[in-house]
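Visitor: What follows is final_28.cif, mmCIF, C-alpha atoms and all ligand atoms.
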data_protein
loop_
_atom_site.label_atom_id
_atom_site.label_comp_id
_atom_site.auth_asym_id
_atom_site.auth_seq_id
_atom_site.Cartn_x
_atom_site.Cartn_y
_atom_site.Cartn_z
CA MET A 1 74.68 85.69 93.35
CA ALA A 2 76.92 88.71 93.60
CA MET A 3 76.48 88.58 97.37
CA VAL A 4 77.61 84.95 97.43
CA LEU A 5 80.65 85.91 95.40
CA GLN A 6 81.35 88.72 97.81
CA LEU A 7 81.21 86.30 100.73
CA SER A 8 83.61 83.87 99.14
CA THR A 9 85.90 86.77 98.30
CA PHE A 10 85.98 87.72 101.97
CA VAL A 11 86.95 84.21 102.98
CA THR A 12 89.62 83.68 100.34
CA GLN A 13 91.01 87.16 100.86
CA TYR A 14 91.22 86.59 104.57
CA LEU A 15 93.04 83.30 104.11
CA THR A 16 95.48 84.54 101.48
CA ALA A 17 96.18 87.76 103.36
CA SER A 18 96.91 85.78 106.52
CA ALA A 19 99.28 83.53 104.60
CA HIS A 20 101.07 86.37 102.78
CA GLU A 21 100.83 89.27 105.19
CA ILE A 22 103.79 91.67 105.07
CA LYS A 23 104.53 92.79 108.60
CA ASP A 24 107.64 94.83 107.79
CA LYS A 25 106.21 97.74 105.81
CA SER A 26 108.32 100.39 104.12
CA PRO A 27 109.01 103.25 106.58
CA THR A 28 107.49 105.63 104.02
CA ALA A 29 104.51 103.40 103.19
CA LEU A 30 101.36 105.19 101.96
CA ARG A 31 99.11 105.83 104.92
CA PHE A 32 95.59 104.91 103.89
CA GLY A 33 92.44 106.26 105.49
CA VAL A 34 89.10 104.55 104.94
CA LEU A 35 85.87 106.57 104.98
CA SER A 36 83.32 104.34 106.76
CA THR A 37 83.05 100.82 108.03
CA ALA A 38 81.44 99.56 104.80
CA MET A 39 80.83 95.89 104.17
CA ILE A 40 83.21 95.85 101.21
CA ASN A 41 86.28 97.14 103.10
CA PRO A 42 87.92 93.83 104.07
CA ALA A 43 87.88 92.48 100.52
CA ALA A 44 88.59 95.71 98.66
CA ILE A 45 91.21 97.45 100.77
CA ILE A 46 92.00 95.84 104.13
CA HIS A 47 93.26 92.42 103.05
CA PRO A 48 94.94 93.68 99.85
CA SER A 49 96.78 96.29 101.95
CA GLU A 50 98.01 93.63 104.35
CA THR A 51 99.96 92.02 101.52
CA HIS A 52 101.35 95.27 100.05
CA GLY A 53 104.66 96.43 101.50
CA ASP A 54 104.07 100.07 100.58
CA VAL A 55 100.60 100.49 102.11
CA LEU A 56 99.70 101.07 105.75
CA LEU A 57 96.17 100.76 107.13
CA TYR A 58 96.43 104.02 108.99
CA GLY A 59 92.95 105.30 109.88
CA VAL A 60 89.27 104.49 109.68
CA ALA A 61 86.40 106.95 110.12
CA SER A 62 82.78 106.29 110.91
CA ARG A 63 79.76 108.41 111.69
CA GLU A 64 80.00 106.90 115.17
CA TYR A 65 83.30 107.04 116.98
CA ASN A 66 82.75 103.80 118.92
CA LYS A 67 82.10 101.94 115.71
CA ALA A 68 85.31 103.30 114.20
CA ARG A 69 87.28 102.45 117.34
CA SER A 70 86.24 98.81 117.49
CA TYR A 71 86.69 98.49 113.73
CA ALA A 72 90.20 99.91 113.97
CA LYS A 73 91.02 97.41 116.70
CA LYS A 74 89.60 94.50 114.73
CA TYR A 75 91.46 95.28 111.51
CA GLY A 76 94.65 96.86 112.83
CA PHE A 77 94.20 100.53 111.90
CA SER A 78 96.34 102.84 114.04
CA LYS A 79 93.70 105.55 114.29
CA ALA A 80 89.93 105.89 114.52
CA TYR A 81 87.84 109.01 113.90
CA GLY A 82 84.22 109.82 114.77
CA SER A 83 83.60 111.67 111.50
CA TYR A 84 84.86 111.60 107.93
CA GLU A 85 85.98 115.26 108.24
CA GLU A 86 88.28 114.39 111.13
CA LEU A 87 90.07 111.79 109.05
CA LEU A 88 90.48 114.23 106.18
CA ASN A 89 91.88 116.84 108.58
CA ASP A 90 94.66 114.45 109.60
CA ALA A 91 97.68 115.58 107.60
CA ASP A 92 99.29 112.16 108.08
CA VAL A 93 96.73 110.48 105.82
CA ASP A 94 98.17 110.21 102.29
CA ALA A 95 95.35 108.44 100.47
CA VAL A 96 91.73 107.58 101.11
CA TYR A 97 89.51 104.72 100.03
CA ILE A 98 85.86 105.79 99.68
CA PRO A 99 83.24 103.03 99.94
CA LEU A 100 80.33 105.30 100.87
CA PRO A 101 76.85 104.99 99.31
CA ASN A 102 76.95 106.00 95.63
CA GLY A 103 75.19 109.31 96.17
CA MET A 104 77.93 110.43 98.57
CA HIS A 105 80.93 109.54 96.37
CA ALA A 106 81.36 112.89 94.64
CA GLU A 107 81.01 115.02 97.74
CA TRP A 108 83.57 113.05 99.76
CA ALA A 109 85.97 112.53 96.87
CA ILE A 110 86.08 116.27 96.24
CA LYS A 111 86.53 117.01 99.97
CA SER A 112 89.35 114.44 100.13
CA LEU A 113 91.12 115.83 97.09
CA GLU A 114 90.82 119.36 98.43
CA LYS A 115 92.54 118.14 101.58
CA GLY A 116 95.40 116.85 99.44
CA LYS A 117 94.62 113.13 99.59
CA HIS A 118 94.89 110.65 96.74
CA VAL A 119 91.55 108.90 96.22
CA LEU A 120 90.50 105.37 95.44
CA LEU A 121 86.78 105.82 94.82
CA GLU A 122 84.27 102.98 94.71
CA LYS A 123 82.15 102.27 91.65
CA PRO A 124 79.97 103.70 90.28
CA LEU A 125 82.25 106.72 90.41
CA THR A 126 79.47 109.18 91.20
CA ALA A 127 75.71 109.61 90.90
CA ASN A 128 76.00 111.02 87.37
CA ALA A 129 78.45 112.30 84.76
CA ASP A 130 78.33 115.95 85.86
CA GLU A 131 79.51 114.92 89.30
CA ALA A 132 82.23 112.77 87.74
CA LYS A 133 83.57 115.80 85.86
CA HIS A 134 83.67 117.81 89.09
CA VAL A 135 85.61 115.05 90.83
CA PHE A 136 88.31 114.93 88.17
CA LYS A 137 88.51 118.71 88.03
CA ALA A 138 89.23 118.64 91.76
CA ALA A 139 91.84 115.90 91.25
CA LYS A 140 93.57 117.93 88.56
CA LYS A 141 93.54 121.06 90.69
CA ALA A 142 94.98 119.19 93.66
CA GLY A 143 97.50 117.29 91.53
CA LYS A 144 96.34 114.04 93.15
CA VAL A 145 95.45 110.60 91.84
CA CYS A 146 91.79 109.63 91.68
CA LEU A 147 90.82 106.17 90.46
CA GLU A 148 87.39 104.61 89.94
CA ALA A 149 87.65 101.26 91.71
CA PHE A 150 86.57 98.99 88.84
CA HIS A 151 88.88 96.30 90.24
CA TRP A 152 87.98 93.64 87.65
CA ARG A 153 89.75 95.64 84.94
CA PHE A 154 93.08 95.05 86.66
CA HIS A 155 92.92 91.24 86.54
CA PRO A 156 94.99 89.25 84.00
CA ALA A 157 91.93 87.31 82.77
CA ALA A 158 90.32 90.57 81.59
CA HIS A 159 93.52 91.47 79.79
CA VAL A 160 93.60 88.09 78.04
CA VAL A 161 90.06 88.53 76.71
CA ASP A 162 90.96 92.01 75.55
CA ALA A 163 94.06 90.66 73.77
CA LEU A 164 92.00 87.93 72.06
CA LEU A 165 89.63 90.56 70.69
CA SER A 166 92.40 92.96 69.70
CA SER A 167 94.26 90.22 67.81
CA GLY A 168 91.65 90.39 65.05
CA ARG A 169 91.77 86.58 64.84
CA TYR A 170 88.03 86.28 65.39
CA GLY A 171 86.97 89.05 63.06
CA PRO A 172 85.10 92.23 63.97
CA VAL A 173 82.80 92.35 66.97
CA LEU A 174 79.13 92.16 66.04
CA SER A 175 77.35 92.30 69.38
CA THR A 176 77.78 91.91 73.12
CA HIS A 177 75.62 90.82 76.02
CA SER A 178 76.58 91.51 79.63
CA ARG A 179 74.62 90.32 82.63
CA MET A 180 74.77 90.62 86.40
CA THR A 181 72.07 89.43 88.80
CA THR A 182 71.55 88.52 92.40
CA PRO A 183 68.71 86.33 93.71
CA LYS A 184 65.46 87.70 95.05
CA GLY A 185 65.80 88.52 98.73
CA SER A 186 69.61 88.49 98.74
CA VAL A 187 69.87 92.28 99.02
CA PRO A 188 68.29 93.19 102.38
CA LYS A 189 65.40 95.67 102.25
CA ASN A 190 67.27 98.37 104.19
CA ASN A 191 70.41 98.11 102.05
CA ILE A 192 71.88 101.26 100.42
CA ARG A 193 71.23 99.64 97.02
CA TRP A 194 67.45 100.14 97.42
CA LYS A 195 67.66 103.82 98.35
CA TYR A 196 66.96 106.49 95.79
CA GLU A 197 68.45 109.25 97.96
CA LEU A 198 71.77 107.33 98.09
CA ALA A 199 71.76 106.79 94.31
CA GLY A 200 70.98 103.10 94.62
CA GLY A 201 69.45 100.91 91.93
CA SER A 202 70.44 97.81 90.01
CA LEU A 203 72.15 99.56 87.12
CA MET A 204 74.18 101.72 89.49
CA ASP A 205 75.23 98.76 91.60
CA MET A 206 75.76 96.42 88.68
CA SER A 207 77.36 99.02 86.43
CA TYR A 208 79.93 96.28 85.76
CA THR A 209 77.69 95.35 82.84
CA ILE A 210 78.35 98.69 81.16
CA SER A 211 81.95 98.69 82.32
CA SER A 212 82.65 95.27 80.76
CA THR A 213 80.89 96.18 77.52
CA ARG A 214 82.83 99.41 77.18
CA TYR A 215 86.16 97.85 78.14
CA PHE A 216 85.96 95.04 75.62
CA LEU A 217 84.81 97.45 72.90
CA HIS A 218 87.83 99.68 73.65
CA MET A 219 85.99 102.59 75.27
CA PRO A 220 83.66 103.10 72.32
CA ARG A 221 81.47 106.08 71.53
CA LEU A 222 77.86 105.63 72.61
CA GLU A 223 75.70 106.19 69.54
CA ALA A 224 72.29 105.45 71.04
CA VAL A 225 70.36 103.80 73.78
CA ASN A 226 67.80 101.97 71.66
CA SER A 227 65.73 100.73 74.56
CA ALA A 228 65.87 100.69 78.34
CA ALA A 229 63.24 99.03 80.50
CA ALA A 230 63.47 99.42 84.26
CA VAL A 231 61.63 97.16 86.66
CA PRO A 232 60.72 99.51 89.50
CA ALA A 233 61.38 98.50 93.09
CA PRO A 234 58.12 97.72 94.91
CA HIS A 235 58.79 100.28 97.66
CA ASP A 236 60.01 103.12 95.44
CA SER A 237 59.35 103.37 91.71
CA ARG A 238 62.33 105.73 91.28
CA VAL A 239 64.68 102.82 92.04
CA ASP A 240 65.32 100.14 89.42
CA ALA A 241 65.20 96.63 90.82
CA ALA A 242 66.25 95.51 87.35
CA MET A 243 67.25 97.11 84.07
CA ASN A 244 67.22 95.69 80.57
CA ALA A 245 68.77 97.89 77.91
CA GLU A 246 70.07 97.77 74.39
CA LEU A 247 72.73 100.23 73.32
CA THR A 248 74.59 100.92 70.10
CA PHE A 249 78.31 101.71 70.22
CA LYS A 250 80.82 102.72 67.60
CA SER A 251 83.94 100.73 68.36
CA GLU A 252 87.37 100.57 66.74
CA LEU A 253 86.96 96.77 66.84
CA ALA A 254 84.17 96.82 64.27
CA PRO A 255 83.45 98.67 61.01
CA ASN A 256 79.73 98.68 61.81
CA PRO A 257 77.93 99.85 64.94
CA VAL A 258 77.88 97.19 67.67
CA LYS A 259 74.65 96.29 69.45
CA ALA A 260 75.19 95.79 73.17
CA SER A 261 72.58 94.46 75.53
CA ILE A 262 72.86 94.69 79.28
CA TYR A 263 70.79 93.13 82.02
CA THR A 264 71.05 93.95 85.71
CA ASP A 265 68.78 92.51 88.38
CA MET A 266 69.07 92.71 92.15
CA ASP A 267 65.80 90.87 92.62
CA ARG A 268 66.26 87.98 90.19
CA ALA A 269 63.37 85.53 90.24
CA ASN A 270 64.23 81.99 91.32
CA SER A 271 64.31 79.19 88.85
CA TYR A 272 61.15 77.06 89.24
CA VAL A 273 60.14 79.49 92.03
CA LEU A 274 62.41 77.83 94.60
CA ILE A 275 65.96 77.66 93.23
CA PRO A 276 68.07 80.81 93.49
CA ARG A 277 70.12 81.22 90.32
CA VAL A 278 73.47 80.98 92.06
CA TRP A 279 75.14 79.93 88.82
CA GLU A 280 74.36 83.30 87.21
CA LEU A 281 77.72 84.93 87.81
CA PRO A 282 78.48 88.27 86.13
CA SER A 283 79.35 87.37 82.56
CA ILE A 284 79.78 88.84 79.13
CA GLN A 285 79.29 87.27 75.74
CA ILE A 286 81.05 88.88 72.80
CA GLU A 287 79.96 87.77 69.38
CA CYS A 288 82.56 88.24 66.68
CA GLU A 289 82.26 87.38 63.01
CA ASN A 290 84.13 84.07 63.37
CA ALA A 291 83.68 83.13 67.01
CA THR A 292 81.76 83.80 70.18
CA ILE A 293 83.78 84.60 73.28
CA TYR A 294 82.14 84.05 76.65
CA PHE A 295 83.83 85.34 79.80
CA TYR A 296 82.15 83.72 82.78
CA ASN A 297 82.52 85.62 86.04
CA PHE A 298 84.50 88.54 84.68
CA MET A 299 83.79 90.48 87.88
CA MET A 300 85.60 88.27 90.36
CA PRO A 301 87.78 86.09 88.16
CA HIS A 302 90.20 85.42 91.02
CA LEU A 303 87.57 83.17 92.65
CA TYR A 304 86.67 81.27 89.51
CA HIS A 305 86.23 82.08 85.85
CA TYR A 306 86.53 80.66 82.38
CA ILE A 307 86.88 82.09 78.91
CA ALA A 308 85.08 79.99 76.31
CA ILE A 309 85.80 80.52 72.62
CA THR A 310 83.37 78.87 70.22
CA ASP A 311 84.40 78.71 66.59
CA LYS A 312 81.35 79.55 64.50
CA LYS A 313 82.36 77.34 61.56
CA THR A 314 83.23 74.16 63.45
CA GLY A 315 81.16 74.69 66.59
CA HIS A 316 84.23 73.69 68.59
CA THR A 317 84.65 75.38 72.00
CA SER A 318 88.03 75.84 73.66
CA TYR A 319 88.47 77.02 77.25
CA GLN A 320 91.06 79.21 78.97
CA LYS A 321 91.67 80.36 82.56
CA HIS A 322 94.18 82.95 83.71
CA TYR A 323 94.84 83.60 87.38
CA SER A 324 98.16 85.38 86.97
CA PHE A 325 100.55 87.08 84.53
CA GLY A 326 98.67 87.80 81.29
CA PRO A 327 99.61 90.29 78.57
CA LYS A 328 99.89 93.30 80.87
CA TRP A 329 101.35 92.17 84.18
CA GLY A 330 104.01 89.93 82.63
CA THR A 331 105.73 88.11 85.48
CA ARG A 332 104.41 90.52 88.11
CA GLY A 333 101.67 89.38 90.48
CA GLU A 334 100.70 86.14 92.18
CA SER A 335 98.04 83.58 91.38
CA TRP A 336 96.43 84.33 94.76
CA TRP A 337 96.09 88.05 94.03
CA SER A 338 92.50 89.20 93.80
CA THR A 339 91.20 91.84 91.42
CA TYR A 340 91.41 94.26 94.37
CA ARG A 341 95.04 93.39 95.03
CA TYR A 342 95.95 94.02 91.38
CA GLN A 343 94.05 97.28 91.55
CA LEU A 344 95.95 98.36 94.66
CA GLU A 345 99.26 97.54 92.96
CA ALA A 346 98.36 99.85 90.06
CA PHE A 347 97.07 102.58 92.37
CA VAL A 348 100.29 102.64 94.40
CA ASP A 349 102.38 102.69 91.22
CA LYS A 350 100.46 105.72 90.00
CA VAL A 351 100.77 107.57 93.31
CA ARG A 352 104.50 106.80 93.38
CA GLY A 353 104.94 108.25 89.88
CA ARG A 354 105.52 104.87 88.21
CA GLU A 355 103.54 104.00 85.07
CA PRO A 356 100.91 101.44 86.12
CA VAL A 357 100.54 98.49 83.74
CA CYS A 358 96.89 99.38 83.32
CA TRP A 359 94.71 102.26 84.41
CA ILE A 360 91.25 103.77 84.12
CA GLU A 361 91.60 107.26 82.73
CA PRO A 362 89.32 110.10 83.94
CA GLU A 363 87.71 110.49 80.47
CA ASP A 364 86.88 106.79 80.53
CA SER A 365 85.17 107.05 83.93
CA VAL A 366 83.24 110.14 82.81
CA MET A 367 82.05 108.29 79.67
CA GLN A 368 81.04 105.35 81.82
CA MET A 369 78.84 107.68 83.89
CA GLU A 370 77.46 109.28 80.70
CA CYS A 371 76.37 105.84 79.53
CA ILE A 372 74.68 105.15 82.85
CA ASP A 373 72.94 108.55 82.70
CA SER A 374 71.72 107.82 79.16
CA VAL A 375 70.25 104.46 80.11
CA TYR A 376 68.42 105.98 83.08
CA GLU A 377 67.15 108.82 80.89
CA LYS A 378 65.88 106.38 78.26
CA SER A 379 64.18 104.23 80.91
CA GLY A 380 62.16 107.24 82.00
CA LEU A 381 63.61 107.20 85.52
CA GLY A 382 65.92 110.11 84.80
CA LYS A 383 69.58 110.29 85.67
CA ARG A 384 70.54 109.78 89.30
CA LYS A 385 71.25 112.66 91.65
CA GLY A 386 73.84 113.03 94.39
CA THR A 387 72.72 112.82 98.02
CA SER A 388 73.63 116.43 98.83
CA GLU A 389 71.90 117.69 95.67
CA LEU A 390 68.71 115.88 96.71
CA LEU A 391 68.99 117.32 100.21
CA ARG A 392 69.37 120.84 98.83
CA GLU A 393 66.32 120.30 96.60
CA LYS A 394 64.32 119.08 99.61
CA GLU A 395 65.33 122.08 101.71
CA LYS A 396 64.25 124.48 98.96
CA LYS A 397 60.72 123.01 98.91
N1 LIG B 401 84.26 96.99 94.42
C1 LIG B 401 83.39 96.11 94.85
O1 LIG B 401 83.52 94.92 94.66
C2 LIG B 401 82.22 96.58 95.61
C3 LIG B 401 81.92 97.90 95.64
N2 LIG B 401 80.88 98.35 96.37
C4 LIG B 401 80.61 99.79 96.39
O2 LIG B 401 81.05 100.27 97.65
C5 LIG B 401 80.13 101.19 98.19
C6 LIG B 401 79.66 100.69 99.53
O3 LIG B 401 78.96 99.49 99.39
P1 LIG B 401 78.71 98.52 100.66
O4 LIG B 401 80.03 98.12 101.23
O5 LIG B 401 77.78 97.49 100.26
O6 LIG B 401 77.97 99.54 101.63
P2 LIG B 401 77.59 99.46 103.17
O7 LIG B 401 76.17 99.82 103.29
O8 LIG B 401 78.08 98.22 103.81
O9 LIG B 401 78.49 100.63 103.75
C7 LIG B 401 78.34 101.97 103.44
C8 LIG B 401 78.88 102.77 104.61
O10 LIG B 401 78.65 104.13 104.36
C9 LIG B 401 78.46 104.80 105.59
N3 LIG B 401 77.29 105.67 105.44
C10 LIG B 401 77.32 107.02 105.47
N4 LIG B 401 76.11 107.54 105.30
C11 LIG B 401 75.26 106.50 105.15
C12 LIG B 401 73.86 106.40 104.97
N5 LIG B 401 73.06 107.48 104.86
N6 LIG B 401 73.32 105.16 104.87
C13 LIG B 401 74.09 104.08 104.94
N7 LIG B 401 75.44 104.11 105.12
C14 LIG B 401 76.01 105.31 105.23
C15 LIG B 401 78.28 103.75 106.69
O11 LIG B 401 79.48 103.71 107.45
P3 LIG B 401 79.67 104.34 108.89
O12 LIG B 401 78.42 104.06 109.65
O13 LIG B 401 80.85 103.62 109.43
O14 LIG B 401 79.92 105.79 108.73
C16 LIG B 401 78.17 102.45 105.93
O15 LIG B 401 78.79 101.40 106.60
C17 LIG B 401 79.07 101.36 97.12
O16 LIG B 401 79.38 102.46 96.33
C18 LIG B 401 79.14 100.10 96.30
O17 LIG B 401 78.75 100.28 94.96
C19 LIG B 401 80.15 97.51 97.14
C20 LIG B 401 80.40 96.17 97.14
C21 LIG B 401 81.42 95.59 96.32
O1 LIG B 402 80.40 96.08 93.37
C1 LIG B 402 79.74 95.14 93.71
O2 LIG B 402 80.26 93.92 93.62
C2 LIG B 402 79.75 92.83 94.31
C3 LIG B 402 78.29 92.90 94.53
O3 LIG B 402 77.93 91.96 95.50
C4 LIG B 402 77.79 94.23 94.92
O4 LIG B 402 76.39 94.30 94.92
C5 LIG B 402 78.34 95.33 94.11
O5 LIG B 402 78.16 96.52 94.82
#
How would this structure read if it were set down as structure tokens?
Ligand SMILES: NC(=O)C1=CN([C@@H]2O[C@H](COP(=O)(O)OP(=O)(O)OC[C@H]3O[C@@H](n4cnc5c(N)ncnc54)[C@H](OP(=O)(O)O)[C@@H]3O)[C@@H](O)[C@H]2O)C=CC1
Ligand SMILES: O=C1OC[C@@H](O)[C@H](O)[C@H]1O

Guide:
Amino acid sequence: MAMVLQLSTFVTQYLTASAHEIKDKSPTALRFGVLSTAMINPAAIIHPSETHGDVLLYGVASREYNKARSYAKKYGFSKAYGSYEELLNDADVDAVYIPLPNGMHAEWAIKSLEKGKHVLLEKPLTANADEAKHVFKAAKKAGKVCLEAFHWRFHPAAHVVDALLSSGRYGPVLSTHSRMTTPKGSVPKNNIRWKYELAGGSLMDMSYTISSTRYFLHMPRLEAVNSAAAVPAPHDSRVDAAMNAELTFKSELAPNPVKASIYTDMDRANSYVLIPRVWELPSIQIECENATIYFYNFMMPHLYHYIAITDKKTGHTSYQKHYSFGPKWGTRGESWWSTYRYQLEAFVDKVRGREPVCWIEPEDSVMQMECIDSVYEKSGLGKRKGTSELLREKEKK
């Protein structure tokens, strides 16, 4: 289903960007470089940049120059490079967006930071928590911004759910359940998500489940991974096609430890064998003492979402939807802004030295990776390794 969502995001982003494109950019606009011609680029950076007056799509790099050149022409980048290094060596690039395979995130983020670029780095931040620490050390040393691109956290609907929980109106949180799946066959066999050496796997790709759990529990301390069951991919048992885990967190929103279950599946079986579960959008259920809050499609709320609050005493359910404003953005933003557009707004604010209305702190991203590591450890698969680390290990043998 996630792939379907991605497709509709591309279409809506294209349409809204065309309708709201800013042609007259600031003369000092941030010059963005994009490392690779990844599938996610149009939705995550290209179209959002088109509607931001302080961002220029400056350069795109690919492993093949011809690919970069035609991509640059298609999307309006001024420059194309035949390697990622070349882009980083261009002193005119101010910031880079990194949508490389997960296992390559740390290596290229560190190289970018060392070249003095600000970095917007795709999720999951790195292959594991050790790499995440190295990335932020490099950011600190360089004095540059580095943000994990968990775009959904920048959307007003997420902030509304957070405010509902923080209000205390529904009592302490008792448990959570977060789920993200995509139908069997929807992730092509040769996709990066199936490759161990690129740090693929369902939990890595669908780490939104852990992200949403942690966000709504206010970045809690992980007490334990009680259970973690991976369904191995048929072609490589080191890769999880699905992951089912139960964790215990200590959160400021509850006096007692909170049980959190997560379910990720990039090979979700059809309903009655034939029907792909296209209705299974990434969602989280948060059970409080007095009510259950269900946030349907928290990952791409700009396309469609709802927040359902069911009162436990009366059984009554009320619904909310929030496409703009919310408790953090106030009157800033537009109802057509996507999660990625909100994210870009915050990123530019941070780079420009303005306080963004919301942010993902380095410690938070490191803890996110620690949680992912712990689930993989508990499942018996072991924590993921970066692509260059695996290459070094192979060379040693
Ligand atoms: N925020 C979001 O909503 C989303 C985030 N993502 C994240 O973005 C990243 C990229 O995902 P996605 O766009 O699906 O990836 P793609 O497979 O479409 O793109 C990855 C790019 O990396 C480059 N690359 C470099 N080395 C390799 C290699 N060994 N194998 C394959 N590609 C390589 C290629 O670009 P080139 O040939 O031009 O060098 C390729 O196009 C992932 O980390 C993913 O988790 C993905 C989808 C949505
Ligand atoms: O980050 C993501 O969001 C959308 C999904 O389709 C994709 O698998 C994942 O990488």

Visitor: Kindly indicate which residue among A:Val366, A:Leu87, A:Leu281, A:Leu7 lies nearest to Ile40 of chain A, using all atoms listed in the file for the distances.

Guide: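 Going through A:Val366, A:Leu87, A:Leu281, A:Leu7 one by one, the smallest distance to Ile40 of chain A is for A:Leu7.
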
Visitor: How would you write as a list in words the residues that get within 10 Å of (75.6, 90.8, 94.2) in the file's frame, counting only C-alpha atoms?

Guide: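 Looking at atoms near the point gives Met1, Ala2, Met3, Val4, Leu5, Gln6, Leu7, Met180, Thr181, Thr182, Pro183, Ser186, Val187, Ser202, Asp205, Met206, Asp265, Met266, Asp267, Leu281 and Pro282 of chain A.
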
Visitor: Which of these residues is nearest to Glu361 of chain A, using all atoms listed in the file: A:Leu147, A:Ile192, A:Leu165, A:Met300?

Guide: A:Leu147

Visitor: Show me, as a ChimeraX atom specification, the residues that have an atom within 7 Å of Ala346 of chain A when counting all atoms listed in the file, minus same-chain residues fewer than 5 positions from it.

Guide: /A:356-358

Visitor: With the cut-off set at 8 Å and counting all atoms listed in the file, tabulate each residue of chain A with an atom at most that distance from an atom of ligand LIG 401 (chain B), showing the nearest atom pair and its distance in Å to one decimal, ordered by chain and increasing number, as CSV.

Guide:
residue,atom,partner,partner_atom,distance
A:Gln6,CA,B:LIG401,C21,7.0
A:Leu35,CA,B:LIG401,O14,7.1
A:Ser36,CA,B:LIG401,O13,3.7
A:Thr37,CA,B:LIG401,O13,3.8
A:Ala38,CA,B:LIG401,O9,3.3
A:Met39,CA,B:LIG401,O8,3.6
A:Ile40,CA,B:LIG401,O4,3.9
A:Asn41,CA,B:LIG401,O4,6.6
A:Ala43,CA,B:LIG401,O1,7.7
A:Ala44,CA,B:LIG401,N1,6.2
A:Ala61,CA,B:LIG401,O13,6.5
A:Ser62,CA,B:LIG401,O13,3.6
A:Arg63,CA,B:LIG401,O14,4.0
A:Glu64,CA,B:LIG401,O12,6.4
A:Lys67,CA,B:LIG401,O13,6.6
A:Ala68,CA,B:LIG401,O13,6.5
A:Ser83,CA,B:LIG401,O14,7.5
A:Tyr84,CA,B:LIG401,O14,7.7
A:Ile98,CA,B:LIG401,C5,7.5
A:Pro99,CA,B:LIG401,C5,4.0
A:Leu100,CA,B:LIG401,O10,4.0
A:Pro101,CA,B:LIG401,O16,4.7
A:Asn102,CA,B:LIG401,O16,4.4
A:Met104,CA,B:LIG401,N4,7.5
A:His105,CA,B:LIG401,O16,7.2
A:Glu122,CA,B:LIG401,O2,5.1
A:Lys123,CA,B:LIG401,O17,5.1
A:Pro124,CA,B:LIG401,O17,5.9
A:Leu125,CA,B:LIG401,O16,7.8
A:Ala149,CA,B:LIG401,N1,6.1
A:Phe150,CA,B:LIG401,N1,6.4
A:His151,CA,B:LIG401,N1,6.3
A:Asn191,CA,B:LIG401,O7,6.1
A:Ile192,CA,B:LIG401,O7,5.4
A:Arg193,CA,B:LIG401,O5,7.6
A:Leu198,CA,B:LIG401,N5,6.9
A:Met204,CA,B:LIG401,O17,7.3
A:Asp205,CA,B:LIG401,O17,5.1
A:Met206,CA,B:LIG401,O17,8.0
A:Tyr340,CA,B:LIG401,N1,7.7

Visitor: Mind writing the picked residues with C-alpha atoms as a compact mmCIF listing (two decimals), in the coordinates of the input?

Guide:
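Output contents, as saved in part_23.txt:
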# COMPACT_ATOMS: atom_id res chain seq x y z
CA GLN A 6 81.35 88.72 97.81
CA LEU A 35 85.87 106.57 104.98
CA SER A 36 83.32 104.34 106.76
CA THR A 37 83.05 100.82 108.03
CA ALA A 38 81.44 99.56 104.80
CA MET A 39 80.83 95.89 104.17
CA ILE A 40 83.21 95.85 101.21
CA ASN A 41 86.28 97.14 103.10
CA ALA A 43 87.88 92.48 100.52
CA ALA A 44 88.59 95.71 98.66
CA ALA A 61 86.40 106.95 110.12
CA SER A 62 82.78 106.29 110.91
CA ARG A 63 79.76 108.41 111.69
CA GLU A 64 80.00 106.90 115.17
CA LYS A 67 82.10 101.94 115.71
CA ALA A 68 85.31 103.30 114.20
CA SER A 83 83.60 111.67 111.50
CA TYR A 84 84.86 111.60 107.93
CA ILE A 98 85.86 105.79 99.68
CA PRO A 99 83.24 103.03 99.94
CA LEU A 100 80.33 105.30 100.87
CA PRO A 101 76.85 104.99 99.31
CA ASN A 102 76.95 106.00 95.63
CA MET A 104 77.93 110.43 98.57
CA HIS A 105 80.93 109.54 96.37
CA GLU A 122 84.27 102.98 94.71
CA LYS A 123 82.15 102.27 91.65
CA PRO A 124 79.97 103.70 90.28
CA LEU A 125 82.25 106.72 90.41
CA ALA A 149 87.65 101.26 91.71
CA PHE A 150 86.57 98.99 88.84
CA HIS A 151 88.88 96.30 90.24
CA ASN A 191 70.41 98.11 102.05
CA ILE A 192 71.88 101.26 100.42
CA ARG A 193 71.23 99.64 97.02
CA LEU A 198 71.77 107.33 98.09
CA MET A 204 74.18 101.72 89.49
CA ASP A 205 75.23 98.76 91.60
CA MET A 206 75.76 96.42 88.68
CA TYR A 340 91.41 94.26 94.37

Visitor: Rank A:Val11, A:Met219, A:Met299, A:Leu381 by their smallest atom-to-atom distance to ligand LIG 402 (chain B), using only C-alpha atoms and all ligand atoms, and report the top residue only.

Guide: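 Closest to ligand LIG 402 (chain B), using only C-alpha atoms and all ligand atoms: A:Met299.
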
Visitor: To one decimal in Å, tell me the separation between atom CA of Ala199 of chain A and atom CA of Gly103 of chain A.

Guide: 4.6 Å

Visitor: Padding of 8 Å on every side, edges along x, y and z, all listed atoms of segment 253-262 of chain A included: what centre and edge lengths in Å, to one decimal, does that box have, as AutoDock Vina command-line options?

Guide:
--center_x 79.8 --center_y 97.2 --center_z 70.1 --size_x 30.4 --size_y 21.4 --size_z 34.3

Visitor: Using Å and a single decimal, report how far atom CA of His47 of chain A sits from atom CA of Thr16 of chain A.

Guide: 8.3 Å
